[in-house]
file structure22.txt (compact mmCIF, C-alpha atoms and all ligand atoms)
# COMPACT_ATOMS: atom_id res chain seq x y z
CA MET A 1 141.39 34.91 111.26
CA SER A 2 143.57 33.17 113.82
CA MET A 3 145.88 35.21 116.01
CA ARG A 4 149.35 35.94 114.68
CA LEU A 5 152.55 36.44 116.67
CA SER A 6 153.58 39.29 114.39
CA ARG A 7 152.63 40.48 110.93
CA SER A 8 153.06 43.19 108.32
CA ILE A 9 150.42 45.91 108.41
CA VAL A 10 150.22 47.00 104.78
CA GLY A 11 147.32 47.87 102.52
CA GLU A 12 145.95 50.08 99.77
CA ALA A 13 148.31 52.99 100.41
CA GLU A 14 151.42 50.80 100.07
CA ALA A 15 149.91 49.07 97.03
CA ALA A 16 149.21 52.46 95.41
CA ALA A 17 152.82 53.54 96.01
CA VAL A 18 154.15 50.38 94.36
CA HIS A 19 151.67 50.86 91.51
CA ARG A 20 153.02 54.36 91.00
CA VAL A 21 156.62 53.15 90.80
CA ILE A 22 155.76 50.34 88.38
CA CYS A 23 153.21 52.05 86.15
CA GLU A 24 154.29 55.70 86.22
CA ASP A 25 158.04 55.75 86.88
CA GLY A 26 158.92 52.38 85.41
CA TYR A 27 162.34 52.53 87.08
CA LEU A 28 162.54 49.82 89.71
CA GLY A 29 166.15 49.86 90.89
CA ILE A 30 167.92 52.32 93.19
CA GLY A 31 166.74 55.77 92.12
CA SER A 32 164.78 58.80 93.20
CA GLU A 33 162.34 56.86 95.40
CA VAL A 34 165.25 55.47 97.46
CA GLN A 35 166.76 58.95 97.65
CA ARG A 36 163.46 60.30 99.00
CA PHE A 37 163.10 57.46 101.48
CA GLU A 38 166.59 58.11 102.84
CA ALA A 39 165.86 61.83 103.13
CA GLU A 40 162.57 61.15 104.92
CA VAL A 41 164.19 58.68 107.34
CA ALA A 42 166.86 61.31 108.04
CA ALA A 43 164.22 64.00 108.64
CA TYR A 44 162.31 61.64 110.94
CA LEU A 45 165.47 60.98 112.97
CA GLY A 46 166.49 64.64 112.85
CA VAL A 47 169.84 64.02 111.12
CA PRO A 48 171.38 65.23 107.82
CA ALA A 49 170.33 63.16 104.78
CA ASP A 50 173.87 61.93 104.12
CA TRP A 51 173.95 60.11 107.47
CA VAL A 52 171.45 57.52 106.18
CA VAL A 53 172.47 54.63 103.90
CA SER A 54 169.68 52.22 103.00
CA ALA A 55 170.20 48.57 102.13
CA ASN A 56 168.13 45.62 100.97
CA THR A 57 168.01 44.02 104.45
CA GLY A 58 168.90 44.94 108.00
CA THR A 59 171.51 42.18 107.89
CA ALA A 60 173.13 43.82 104.87
CA ALA A 61 173.15 47.15 106.72
CA LEU A 62 174.91 45.49 109.67
CA HIS A 63 177.42 43.82 107.34
CA LEU A 64 178.14 47.12 105.57
CA ALA A 65 178.48 48.87 108.94
CA VAL A 66 181.00 46.37 110.33
CA GLU A 67 182.98 46.31 107.11
CA SER A 68 182.97 50.09 106.65
CA ALA A 69 184.07 50.68 110.25
CA LEU A 70 186.66 47.91 110.59
CA GLY A 71 187.66 47.11 107.00
CA HIS A 72 186.93 44.02 104.92
CA GLY A 73 188.38 40.82 106.32
CA SER A 74 189.89 42.52 109.36
CA GLY A 75 189.76 39.48 111.64
CA ALA A 76 188.87 41.93 114.41
CA GLU A 77 186.76 40.74 117.33
CA VAL A 78 183.34 42.23 117.89
CA LEU A 79 181.62 41.87 121.28
CA VAL A 80 177.97 40.97 120.76
CA PRO A 81 175.28 39.51 123.03
CA SER A 82 174.60 35.85 122.32
CA LEU A 83 170.89 36.54 122.75
CA THR A 84 170.18 38.08 119.35
CA PHE A 85 168.96 37.11 115.91
CA VAL A 86 171.63 35.09 114.09
CA ALA A 87 171.73 38.02 111.62
CA SER A 88 173.97 39.99 114.02
CA PHE A 89 176.49 37.15 114.13
CA GLN A 90 176.33 36.39 110.41
CA ALA A 91 176.81 40.07 109.53
CA ILE A 92 179.97 40.25 111.63
CA GLY A 93 181.28 37.06 110.06
CA ALA A 94 180.40 38.23 106.54
CA ALA A 95 182.63 41.27 107.07
CA GLY A 96 185.51 38.95 107.94
CA ALA A 97 185.37 39.88 111.62
CA VAL A 98 184.83 37.51 114.54
CA PRO A 99 181.71 37.64 116.73
CA VAL A 100 182.52 37.15 120.43
CA ALA A 101 179.38 36.00 122.26
CA CYS A 102 178.70 37.82 125.53
CA ASP A 103 176.29 37.03 128.34
CA ALA A 104 173.11 38.98 129.06
CA ARG A 105 171.63 40.81 132.03
CA LEU A 106 168.75 38.92 133.62
CA ASP A 107 166.65 42.06 134.15
CA THR A 108 166.78 43.41 130.59
CA ALA A 109 168.17 40.62 128.36
CA THR A 110 170.68 43.11 126.93
CA ILE A 111 174.47 42.76 126.90
CA ASP A 112 176.22 42.29 130.26
CA LEU A 113 179.15 44.70 130.12
CA ASP A 114 180.99 43.01 132.99
CA ASP A 115 180.99 39.81 131.00
CA ALA A 116 181.96 41.72 127.83
CA GLU A 117 184.92 43.24 129.68
CA ARG A 118 186.24 39.77 130.53
CA ARG A 119 186.16 38.89 126.81
CA LEU A 120 188.28 41.83 125.66
CA THR A 121 191.48 40.87 123.84
CA SER A 122 194.11 42.78 121.89
CA ARG A 123 192.02 42.07 118.77
CA THR A 124 188.73 43.57 120.06
CA ARG A 125 187.72 46.51 117.87
CA ALA A 126 183.97 46.96 118.28
CA ILE A 127 180.90 46.23 120.37
CA MET A 128 177.47 45.53 118.89
CA PRO A 129 174.76 46.14 121.50
CA VAL A 130 171.31 44.82 120.55
CA HIS A 131 168.30 46.89 121.60
CA TYR A 132 166.41 43.80 122.68
CA ALA A 133 162.63 44.24 122.54
CA SER A 134 163.25 47.89 121.54
CA ASN A 135 165.00 48.76 124.82
CA PRO A 136 168.34 50.55 124.41
CA VAL A 137 168.72 49.96 128.13
CA ASN A 138 172.29 50.77 129.10
CA LEU A 139 173.43 52.68 126.04
CA ASP A 140 175.34 55.36 127.99
CA ALA A 141 177.27 52.59 129.72
CA VAL A 142 177.93 50.89 126.38
CA TYR A 143 179.39 54.10 124.94
CA ALA A 144 181.47 54.72 128.08
CA PHE A 145 182.76 51.14 127.85
CA ALA A 146 183.61 51.62 124.16
CA GLN A 147 185.42 54.87 124.83
CA LYS A 148 187.41 53.34 127.66
CA HIS A 149 188.57 50.47 125.45
CA GLY A 150 188.86 52.32 122.12
CA LEU A 151 186.04 50.41 120.40
CA ARG A 152 183.61 51.30 117.62
CA VAL A 153 179.94 50.93 118.53
CA ILE A 154 177.64 49.35 115.95
CA GLU A 155 174.14 49.34 117.40
CA ASP A 156 171.90 46.53 116.21
CA ALA A 157 168.79 48.69 116.44
CA ALA A 158 166.65 46.36 114.31
CA HIS A 159 163.94 46.39 117.02
CA ALA A 160 164.27 50.07 117.79
CA PHE A 161 163.32 52.19 114.79
CA GLY A 162 161.58 55.29 116.13
CA CYS A 163 162.63 54.66 119.75
CA LEU A 164 164.13 57.26 122.05
CA TYR A 165 166.98 56.92 124.51
CA LYS A 166 166.90 59.59 127.21
CA GLY A 167 164.77 61.74 124.94
CA ARG A 168 166.90 61.34 121.79
CA LYS A 169 166.06 59.21 118.76
CA ILE A 170 168.18 56.09 118.33
CA GLY A 171 170.44 56.76 115.35
CA SER A 172 170.55 60.53 115.90
CA PHE A 173 173.57 60.27 118.23
CA GLY A 174 176.43 57.88 118.85
CA ASP A 175 178.58 55.97 116.37
CA ILE A 176 176.65 53.71 113.94
CA ALA A 177 173.07 52.44 114.28
CA CYS A 178 171.51 49.81 112.02
CA PHE A 179 167.77 49.36 111.48
CA SER A 180 165.73 46.62 109.83
CA PHE A 181 162.65 47.17 107.68
CA ASP A 182 161.80 43.51 107.18
CA GLY A 183 158.16 42.48 107.03
CA ILE A 184 157.40 42.45 110.74
CA LYS A 185 159.56 45.26 112.13
CA ASN A 186 158.18 48.61 113.36
CA ILE A 187 158.01 49.72 109.72
CA THR A 188 158.61 47.61 106.63
CA CYS A 189 159.82 48.09 103.07
CA GLY A 190 158.88 44.46 102.30
CA GLU A 191 162.47 43.74 103.21
CA GLY A 192 165.08 46.39 103.87
CA GLY A 193 167.28 48.18 106.33
CA CYS A 194 169.59 51.12 106.77
CA LEU A 195 172.58 52.32 108.70
CA VAL A 196 172.81 55.77 110.22
CA THR A 197 176.09 57.43 111.12
CA SER A 198 177.68 60.84 111.43
CA ASP A 199 180.99 59.31 110.30
CA GLN A 200 181.14 60.27 106.64
CA ALA A 201 183.99 57.86 105.89
CA VAL A 202 181.78 54.99 107.09
CA ALA A 203 178.69 56.34 105.30
CA ASP A 204 180.59 56.76 102.03
CA ALA A 205 182.18 53.31 102.25
CA ALA A 206 178.74 51.79 102.91
CA ARG A 207 177.13 53.76 100.07
CA ASP A 208 179.75 52.48 97.65
CA GLY A 209 179.86 49.03 99.25
CA ARG A 210 176.16 48.42 98.62
CA LEU A 211 176.79 48.95 94.87
CA LEU A 212 179.79 46.66 94.38
CA SER A 213 182.10 49.46 95.61
CA VAL A 214 181.77 51.24 92.28
CA GLU A 215 182.91 54.68 93.39
CA LYS A 216 180.11 57.22 93.88
CA ASP A 217 177.62 55.07 91.98
CA THR A 218 174.80 56.14 94.32
CA GLU A 219 175.06 59.78 93.18
CA LYS A 220 174.89 58.69 89.55
CA ARG A 221 171.85 56.49 90.07
CA PHE A 222 170.03 59.13 92.11
CA SER A 223 170.39 61.49 89.14
CA GLY A 224 169.25 58.81 86.70
CA GLN A 225 172.68 58.00 85.27
CA ARG A 226 174.94 54.97 85.16
CA SER A 227 178.66 54.59 85.72
CA TRP A 228 180.29 53.13 82.60
CA GLU A 229 183.84 54.25 83.40
CA PHE A 230 184.83 53.64 87.01
CA ASP A 231 187.35 52.25 89.42
CA VAL A 232 186.87 49.77 92.26
CA GLU A 233 189.24 49.68 95.22
CA ARG A 234 187.43 47.48 97.72
CA GLN A 235 185.26 44.41 98.00
CA GLY A 236 181.61 45.35 97.45
CA TRP A 237 178.14 43.81 97.41
CA ARG A 238 174.74 44.09 95.70
CA TYR A 239 172.99 45.33 98.82
CA HIS A 240 171.10 48.38 97.58
CA MET A 241 167.41 49.03 98.18
CA SER A 242 165.03 49.22 95.20
CA ASN A 243 162.54 51.97 94.37
CA ILE A 244 159.72 49.48 94.97
CA MET A 245 160.89 48.83 98.52
CA ALA A 246 161.45 52.52 99.19
CA ALA A 247 157.94 53.38 98.00
CA ILE A 248 156.49 50.96 100.57
CA GLY A 249 158.82 52.33 103.25
CA ARG A 250 157.80 55.94 102.62
CA VAL A 251 154.14 55.10 103.25
CA GLN A 252 155.02 53.06 106.34
CA LEU A 253 157.16 55.86 107.75
CA ALA A 254 154.23 58.25 107.43
CA ARG A 255 152.03 55.79 109.37
CA LEU A 256 154.49 55.10 112.20
CA ASP A 257 153.92 57.84 114.76
CA GLY A 258 150.19 58.30 114.29
CA GLU A 259 149.10 54.71 113.82
CA PHE A 260 151.61 51.93 114.55
CA ALA A 261 153.46 53.40 117.54
CA PRO A 262 150.42 54.24 119.69
CA LYS A 263 148.91 50.81 119.01
CA ARG A 264 152.08 48.92 119.89
CA ARG A 265 152.50 51.00 123.06
CA GLU A 266 148.90 50.53 124.12
CA LEU A 267 149.07 46.75 123.74
CA ALA A 268 152.44 46.48 125.51
CA ALA A 269 151.13 48.63 128.37
CA LEU A 270 148.11 46.35 128.69
CA TYR A 271 150.38 43.28 128.85
CA ARG A 272 152.40 44.97 131.61
CA GLU A 273 149.29 45.88 133.55
CA ARG A 274 147.82 42.38 133.37
CA LEU A 275 151.04 40.41 133.94
CA SER A 276 153.10 42.50 136.36
CA ALA A 277 151.64 40.91 139.49
CA VAL A 278 151.24 37.36 138.20
CA PRO A 279 153.38 34.95 140.26
CA GLY A 280 155.56 32.89 137.95
CA VAL A 281 155.78 35.63 135.32
CA ALA A 282 158.61 38.21 135.30
CA LEU A 283 158.60 41.21 132.99
CA LEU A 284 161.80 42.60 131.54
CA GLU A 285 162.68 46.05 132.77
CA ALA A 286 161.90 48.60 130.10
CA GLU A 287 162.46 52.21 129.24
CA PRO A 288 159.52 54.58 129.87
CA GLU A 289 156.60 53.38 127.75
CA ALA A 290 156.37 56.63 125.79
CA TRP A 291 159.97 56.38 124.61
CA ILE A 292 159.91 53.08 122.87
CA ILE A 293 157.90 51.47 120.11
CA PRO A 294 157.87 47.84 121.23
CA HIS A 295 158.61 45.46 118.36
CA ILE A 296 158.21 42.24 120.37
CA PHE A 297 156.90 41.45 123.85
CA PRO A 298 158.94 38.71 125.53
CA VAL A 299 158.27 37.78 129.16
CA ARG A 300 160.04 35.38 131.51
CA ILE A 301 158.04 32.33 132.58
CA LEU A 302 159.61 31.11 135.83
CA ASN A 303 159.68 27.82 137.75
CA GLY A 304 160.06 25.64 134.67
CA LEU A 305 156.51 26.33 133.53
CA LYS A 306 157.30 27.64 130.05
CA ARG A 307 156.39 24.44 128.22
CA ARG A 308 153.06 24.31 130.02
CA VAL A 309 152.27 27.91 129.08
CA ILE A 310 153.23 27.36 125.43
CA ASP A 311 150.98 24.30 125.22
CA ALA A 312 148.05 26.01 126.94
CA LEU A 313 148.26 29.03 124.66
CA ASP A 314 148.71 26.81 121.62
CA ALA A 315 145.56 24.88 122.55
CA ALA A 316 143.74 28.22 122.68
CA GLY A 317 144.98 29.11 119.18
CA ILE A 318 147.53 31.61 120.49
CA PRO A 319 151.00 31.45 118.91
CA THR A 320 154.15 32.22 120.88
CA GLY A 321 157.76 32.77 119.86
CA GLN A 322 161.35 32.37 121.07
CA HIS A 323 163.68 35.37 120.84
CA TYR A 324 166.24 33.98 120.43
CA LYS A 325 168.09 30.71 120.14
CA PRO A 326 171.36 31.91 121.72
CA ASN A 327 174.05 32.09 119.08
CA HIS A 328 176.78 30.56 121.26
CA LEU A 329 174.75 27.32 121.18
CA LEU A 330 174.95 27.17 117.36
CA THR A 331 177.58 24.94 115.80
CA LEU A 332 179.24 27.77 113.89
CA TYR A 333 179.67 29.85 117.05
CA GLY A 334 181.06 27.31 119.50
CA GLY A 335 178.23 24.83 120.04
CA GLY A 336 177.76 25.86 123.68
CA LYS A 337 181.35 26.63 124.65
CA PRO A 338 181.96 28.70 126.62
CA SER A 339 178.71 28.51 128.54
CA LEU A 340 176.86 31.79 129.18
CA PRO A 341 174.72 31.01 132.23
CA VAL A 342 172.36 33.99 132.22
CA THR A 343 171.72 33.72 128.48
CA GLU A 344 171.00 30.01 128.87
CA ARG A 345 168.62 30.71 131.73
CA LEU A 346 166.85 33.39 129.68
CA HIS A 347 166.59 30.95 126.80
CA GLU A 348 164.74 28.56 129.11
CA GLU A 349 162.45 31.29 130.46
CA LEU A 350 161.76 33.80 127.69
CA LEU A 351 158.52 33.50 125.79
CA THR A 352 157.43 36.04 123.18
CA LEU A 353 153.75 36.95 123.19
CA PRO A 354 151.79 38.18 120.13
CA LEU A 355 152.34 41.86 119.38
CA HIS A 356 151.51 43.84 116.24
CA PRO A 357 149.22 46.76 115.41
CA GLY A 358 146.55 44.42 114.04
CA LEU A 359 145.80 42.94 117.49
CA SER A 360 142.96 44.15 119.69
CA ARG A 361 142.87 44.72 123.43
CA GLU A 362 140.61 41.65 123.61
CA ASP A 363 143.34 39.58 121.96
CA VAL A 364 145.86 40.69 124.59
CA GLU A 365 143.33 39.99 127.36
CA ALA A 366 142.90 36.47 125.97
CA VAL A 367 146.67 35.88 125.91
CA CYS A 368 147.04 37.10 129.51
CA ALA A 369 144.07 35.03 130.72
CA GLY A 370 145.65 31.96 129.09
CA ILE A 371 148.96 32.57 130.86
CA VAL A 372 147.34 33.18 134.26
CA GLU A 373 145.28 30.03 133.92
CA ALA A 374 148.31 27.95 132.93
CA VAL A 375 150.64 29.14 135.71
CA ASN A 376 147.93 28.73 138.38
CA ARG A 377 146.83 25.27 137.30
C1 LIG A 401 165.44 41.64 112.13
C2 LIG A 401 166.74 41.65 112.82
C3 LIG A 401 167.96 41.75 112.14
C4 LIG A 401 168.11 41.63 110.65
O1 LIG A 401 167.30 42.41 109.89
P1 LIG A 401 166.75 41.84 108.49
O2 LIG A 401 166.16 43.06 107.88
O3 LIG A 401 165.73 40.79 108.81
O4 LIG A 401 167.90 41.32 107.72
C5 LIG A 401 169.12 41.87 112.87
N1 LIG A 401 169.11 41.86 114.21
C6 LIG A 401 167.97 41.74 114.91
C7 LIG A 401 168.03 41.76 116.39
C8 LIG A 401 166.74 41.61 114.24
O5 LIG A 401 165.62 41.45 114.93
call {"tool": "encode", "arguments": {"input": "structure22.txt", "output": "structure tokens", "more": "lines below"}}
Ligand SMILES: *Cc1c(COP(=O)(O)O)cnc(C)c1O
result
Amino acid sequence: MSMRLSRSIVGEAEAAAVHRVICEDGYLGIGSEVQRFEAEVAAYLGVPADWVVSANTGTAALHLAVESALGHGSGAEVLVPSLTFVASFQAIGAAGAVPVACDARLDTATIDLDDAERRLTSRTRAIMPVHYASNPVNLDAVYAFAQKHGLRVIEDAAHAFGCLYKGRKIGSFGDIACFSFDGIKNITCGEGGCLVTSDQAVADAARDGRLLSVEKDTEKRFSGQRSWEFDVERQGWRYHMSNIMAAIGRVQLARLDGEFAPKRRELAALYRERLSAVPGVALLEAEPEAWIIPHIFPVRILNGLKRRVIDALDAAGIPTGQHYKPNHLLTLYGGGKPSLPVTERLHEELLTLPLHPGLSREDVEAVCAGIVEAVNR
């Protein structure tokens, strides 16, 4: 099989769990399996079960988080790095808030707080740091910045499920953290996501919001009932997770620490070892290897050689990726105005190398050999 940039690692155990939900339970919607998944995610993070609100995608979790924290249609401005998946921007917009694109740091590709500070206005209400390549680099500084300016913090932790920051699990501290369980993330539910927060007003609003804001519908469904008589006070969505997704997620969660995490770390460490001294290649600064579970492995290819490296790897059957097309270059978000020089430079330099638990050390050696050959040619 040809090398893949990323892929789901699922098999018989996940299939058996789905089989159980379909053939034994027969209840496919949001029910006891989702309740168990949320409880197990909470236990994994070391937080109370009612801090965790699952959703059908990570984007939906981000949307619910912004809306629950700031209100629906607030028009509030949210500081967010331009260098992120368009999901971060779309989620902010979906909540009726306004994404304000910020520049990145060259060493980590995470949000540049000096640039963010210049973009503060009287309408700024939140900051959405993105844990790029699973690195929650300057999170203390982000929280200090937020406190200083009276902002909510909504962490886009889509890359960072299971990661630690200064010894503590992402999501177990701070304001609101959102994870993604889409097919290629550190764990998958097929699709899926969740938000984690100690703020019960936000958690309750998100729990209702994912079920059309039918009040306390989650409790009913977890106990196998339906709400026939109810009131609705806010805009809501159909964003809940299904029992089928949760069944997959429960198996994946059990495989994370013993199987997926060590493999991802081992391969990322090998990339670092092989590429750290290669002229023309710059690695992003990262947290200690043992603290993170790397979801992607982007490197900077310097001196304008990125195209050459892509073509050389492509010729060797090795796929590469781009994380990400900066959002401020998209028509909806300004079409390149204002310019964000570091983000634009990173966009020219960053190249994502294959990383998933199905790769071998030999695969990584082949990728590195291809890069070295291309930059030395
Ligand atoms: C994957 C991802 C999301 C969205 O998650 P989905 O589950 O795919 O909707 C948001 N932000 C970032 C940075 C991501 O990588």
call {"tool": "closest_residue", "arguments": {"input": "structure22.txt", "among": "A:Leu267, A:Val299, A:Val18, A:Leu83", "to": "ligand LIG 401 (chain A)", "atoms": "only C-alpha atoms and all ligand atoms"}}
result
A:Leu83
call {"tool": "residues_around", "arguments": {"input": "structure22.txt", "residues": "range 237-252 of chain A", "least_positions_apart": "4", "cutoff": "6 Å", "atoms": "all atoms listed in the file", "output": "list in words"}}
result
Glu14, Ala17, Val18, Leu28, Gly29, Ile30, Glu33, Val34, Phe37, Ala55, Asn56, Ile187, Thr188, Cys189, Gly209, Arg210, Leu211 and Leu212 of chain A
call {"tool": "residues_around", "arguments": {"input": "structure22.txt", "residues": "Phe230 in chain A", "least_positions_apart": "6", "cutoff": "12 Å", "atoms": "only C-alpha atoms", "output": "list in words"}}
result
Asp208, Leu212, Ser213, Val214, Glu215, Lys216, Asp217 and Lys220 of chain A
call {"tool": "atom_distance", "arguments": {"input": "structure22.txt", "atom1": "CA of Glu233 in chain A", "atom2": "CA of Glu67 in chain A"}}
result
13.9 Å
call {"tool": "residues_around", "arguments": {"input": "structure22.txt", "residues": "Leu139 in chain A", "least_positions_apart": "5", "cutoff": "12 Å", "atoms": "all atoms listed in the file", "output": "short mmCIF file (atom, residue, chain, number, x, y, z; two decimals) with C-alpha atoms, in the frame of the given file"}}
result
data_model
loop_
_atom_site.label_atom_id
_atom_site.label_comp_id
_atom_site.auth_asym_id
_atom_site.auth_seq_id
_atom_site.Cartn_x
_atom_site.Cartn_y
_atom_site.Cartn_z
CA THR A 110 170.68 43.11 126.93
CA ILE A 111 174.47 42.76 126.90
CA ASP A 112 176.22 42.29 130.26
CA LEU A 113 179.15 44.70 130.12
CA ILE A 127 180.90 46.23 120.37
CA MET A 128 177.47 45.53 118.89
CA PRO A 129 174.76 46.14 121.50
CA VAL A 130 171.31 44.82 120.55
CA HIS A 131 168.30 46.89 121.60
CA TYR A 132 166.41 43.80 122.68
CA ALA A 144 181.47 54.72 128.08
CA PHE A 145 182.76 51.14 127.85
CA ALA A 146 183.61 51.62 124.16
CA VAL A 153 179.94 50.93 118.53
CA ILE A 154 177.64 49.35 115.95
CA GLU A 155 174.14 49.34 117.40
CA ASP A 156 171.90 46.53 116.21
CA ALA A 157 168.79 48.69 116.44
CA LEU A 164 164.13 57.26 122.05
CA TYR A 165 166.98 56.92 124.51
CA LYS A 166 166.90 59.59 127.21
CA ARG A 168 166.90 61.34 121.79
CA ILE A 170 168.18 56.09 118.33
CA GLY A 171 170.44 56.76 115.35
CA PHE A 173 173.57 60.27 118.23
CA GLY A 174 176.43 57.88 118.85
CA ASP A 175 178.58 55.97 116.37
CA ALA A 177 173.07 52.44 114.28
CA GLU A 287 162.46 52.21 129.24
#
call {"tool": "residues_around", "arguments": {"input": "structure22.txt", "residues": "range 2-5 of chain A", "least_positions_apart": "4", "cutoff": "8 Å", "atoms": "only C-alpha atoms", "output": "list of chain:residue names"}}
result
A:Gly317, A:Ile318, A:Pro319, A:Thr320, A:Gly321, A:Leu353, A:Pro354, A:Leu355, A:His356, A:Leu359, A:Asp363
call {"tool": "residues_around", "arguments": {"input": "structure22.txt", "residues": "range 72-78 of chain A", "least_positions_apart": "4", "cutoff": "12 Å", "atoms": "all atoms listed in the file", "output": "number ranges by chain"}}
result
A: 63-68, 82, 88-102, 116-117, 119-129, 146, 151-155, 205-206, 209, 213, 233-237
call {"tool": "closest_residue", "arguments": {"input": "structure22.txt", "among": "A:Leu350, A:Ala201, A:Leu284, A:Ala316", "to": "Gly304 in chain A", "atoms": "only C-alpha atoms"}}
result
A:Leu350
call {"tool": "closest_atom_pairs", "arguments": {"input": "structure22.txt", "of": "chain A", "to": "ligand LIG 401 (chain A)", "cutoff": "9 Å", "atoms": "only C-alpha atoms and all ligand atoms", "output": "CSV"}}
result
residue,atom,partner,partner_atom,distance
A:Ala55,CA,A:LIG401,O2,8.9
A:Asn56,CA,A:LIG401,O2,7.6
A:Thr57,CA,A:LIG401,O2,4.0
A:Gly58,CA,A:LIG401,O2,3.3
A:Thr59,CA,A:LIG401,O4,3.7
A:Ala60,CA,A:LIG401,O4,6.5
A:Ala61,CA,A:LIG401,O4,7.9
A:Leu62,CA,A:LIG401,C5,7.5
A:Leu83,CA,A:LIG401,C7,8.7
A:Thr84,CA,A:LIG401,C7,5.2
A:Phe85,CA,A:LIG401,C7,4.8
A:Val86,CA,A:LIG401,N1,7.2
A:Ala87,CA,A:LIG401,C5,4.8
A:Ser88,CA,A:LIG401,N1,5.2
A:Phe89,CA,A:LIG401,N1,8.8
A:Ala91,CA,A:LIG401,C5,8.6
A:Val130,CA,A:LIG401,C7,6.1
A:His131,CA,A:LIG401,C7,7.3
A:Tyr132,CA,A:LIG401,C7,6.8
A:Ala133,CA,A:LIG401,C7,8.6
A:Asp156,CA,A:LIG401,N1,5.8
A:Ala157,CA,A:LIG401,C7,7.0
A:Ala158,CA,A:LIG401,C8,4.8
A:His159,CA,A:LIG401,O5,5.6
A:Cys178,CA,A:LIG401,C5,8.3
A:Phe179,CA,A:LIG401,O1,7.1
A:Ser180,CA,A:LIG401,O2,4.1
A:Phe181,CA,A:LIG401,O2,5.4
A:Asp182,CA,A:LIG401,O2,4.4
A:Gly183,CA,A:LIG401,O3,8.0
A:Ile184,CA,A:LIG401,C1,8.2
A:Lys185,CA,A:LIG401,C1,6.9
A:Thr188,CA,A:LIG401,O2,8.9
A:Glu191,CA,A:LIG401,O2,6.0
A:Gly192,CA,A:LIG401,O2,5.3
A:Gly193,CA,A:LIG401,O2,5.5
A:Cys194,CA,A:LIG401,O2,8.8
A:His295,CA,A:LIG401,O5,8.8
A:His323,CA,A:LIG401,O5,8.7
A:Tyr324,CA,A:LIG401,C7,8.9
call {"tool": "closest_residue", "arguments": {"input": "structure22.txt", "among": "A:Ile176, A:Ile371, A:Ile9, A:Ala268", "to": "Ile296 in chain A", "atoms": "all atoms listed in the file"}}
result
A:Ala268
call {"tool": "atom_distance", "arguments": {"input": "structure22.txt", "atom1": "CA of Trp228 in chain A", "atom2": "CA of Leu195 in chain A"}}
result
27.2 Å
call {"tool": "residues_near_point", "arguments": {"input": "structure22.txt", "point": "(170.4, 60.3, 114.1)", "cutoff": "8 Å", "atoms": "only C-alpha atoms", "output": "PyMOL selection string"}}
result
chain A and resi 42+45-47+51+169-173+196-198
call {"tool": "write_last_selection", "arguments": {"input": "structure22.txt", "atoms": "C-alpha atoms", "output": "short mmCIF file (atom, residue, chain, number, x, y, z; two decimals), in the frame of the given file"}}
result
data_model
loop_
_atom_site.label_atom_id
_atom_site.label_comp_id
_atom_site.auth_asym_id
_atom_site.auth_seq_id
_atom_site.Cartn_x
_atom_site.Cartn_y
_atom_site.Cartn_z
CA ALA A 42 166.86 61.31 108.04
CA LEU A 45 165.47 60.98 112.97
CA GLY A 46 166.49 64.64 112.85
CA VAL A 47 169.84 64.02 111.12
CA TRP A 51 173.95 60.11 107.47
CA LYS A 169 166.06 59.21 118.76
CA ILE A 170 168.18 56.09 118.33
CA GLY A 171 170.44 56.76 115.35
CA SER A 172 170.55 60.53 115.90
CA PHE A 173 173.57 60.27 118.23
CA VAL A 196 172.81 55.77 110.22
CA THR A 197 176.09 57.43 111.12
CA SER A 198 177.68 60.84 111.43
#
call {"tool": "residues_near_point", "arguments": {"input": "structure22.txt", "point": "(145.4, 46.3, 124.8)", "cutoff": "8 Å", "atoms": "all atoms listed in the file", "output": "JSON, numbers by chain"}}
result
{"A": [266, 267, 268, 269, 270, 271, 360, 361, 362, 363, 364, 365]}
call {"tool": "atom_distance", "arguments": {"input": "structure22.txt", "atom1": "CA of Cys368 in chain A", "atom2": "CA of Leu275 in chain A"}}
result
6.8 Å
call {"tool": "closest_residue", "arguments": {"input": "structure22.txt", "among": "A:Ala15, A:Ala366, A:Ala282, A:Cys163", "to": "Gly190 in chain A", "atoms": "only C-alpha atoms"}}
result
A:Ala15
call {"tool": "closest_residue", "arguments": {"input": "structure22.txt", "among": "A:Glu229, A:Ser339, A:Leu106, A:Leu79", "to": "Arg118 in chain A", "atoms": "all atoms listed in the file"}}
result
A:Leu79
call {"tool": "closest_residue", "arguments": {"input": "structure22.txt", "among": "A:Ala39, A:Val232, A:Leu313, A:Ile301", "to": "Ser276 in chain A", "atoms": "all atoms listed in the file"}}
result
A:Ile301
call {"tool": "decode", "arguments": {"input": "structure22.txt", "residues": "range 260-275 of chain A", "atoms": "C-alpha atoms", "output": "compact mmCIF listing (two decimals), in the first residue's frame"}}
result
# COMPACT_ATOMS: atom_id res chain seq x y z
CA PHE A 260 -1.30 5.41 19.35
CA ALA A 261 0.58 7.87 21.56
CA PRO A 262 3.87 5.95 21.82
CA LYS A 263 3.88 5.32 18.06
CA ARG A 264 3.22 8.95 17.16
CA ARG A 265 5.91 10.09 19.62
CA GLU A 266 8.45 7.59 18.35
CA LEU A 267 7.97 8.64 14.73
CA ALA A 268 8.06 12.36 15.54
CA ALA A 269 11.24 11.87 17.58
CA LEU A 270 12.83 10.06 14.64
CA TYR A 271 11.91 12.93 12.30
CA ARG A 272 13.51 15.38 14.75
CA GLU A 273 16.65 13.29 15.03
CA ARG A 274 17.08 12.94 11.27
CA LEU A 275 16.13 16.50 10.27
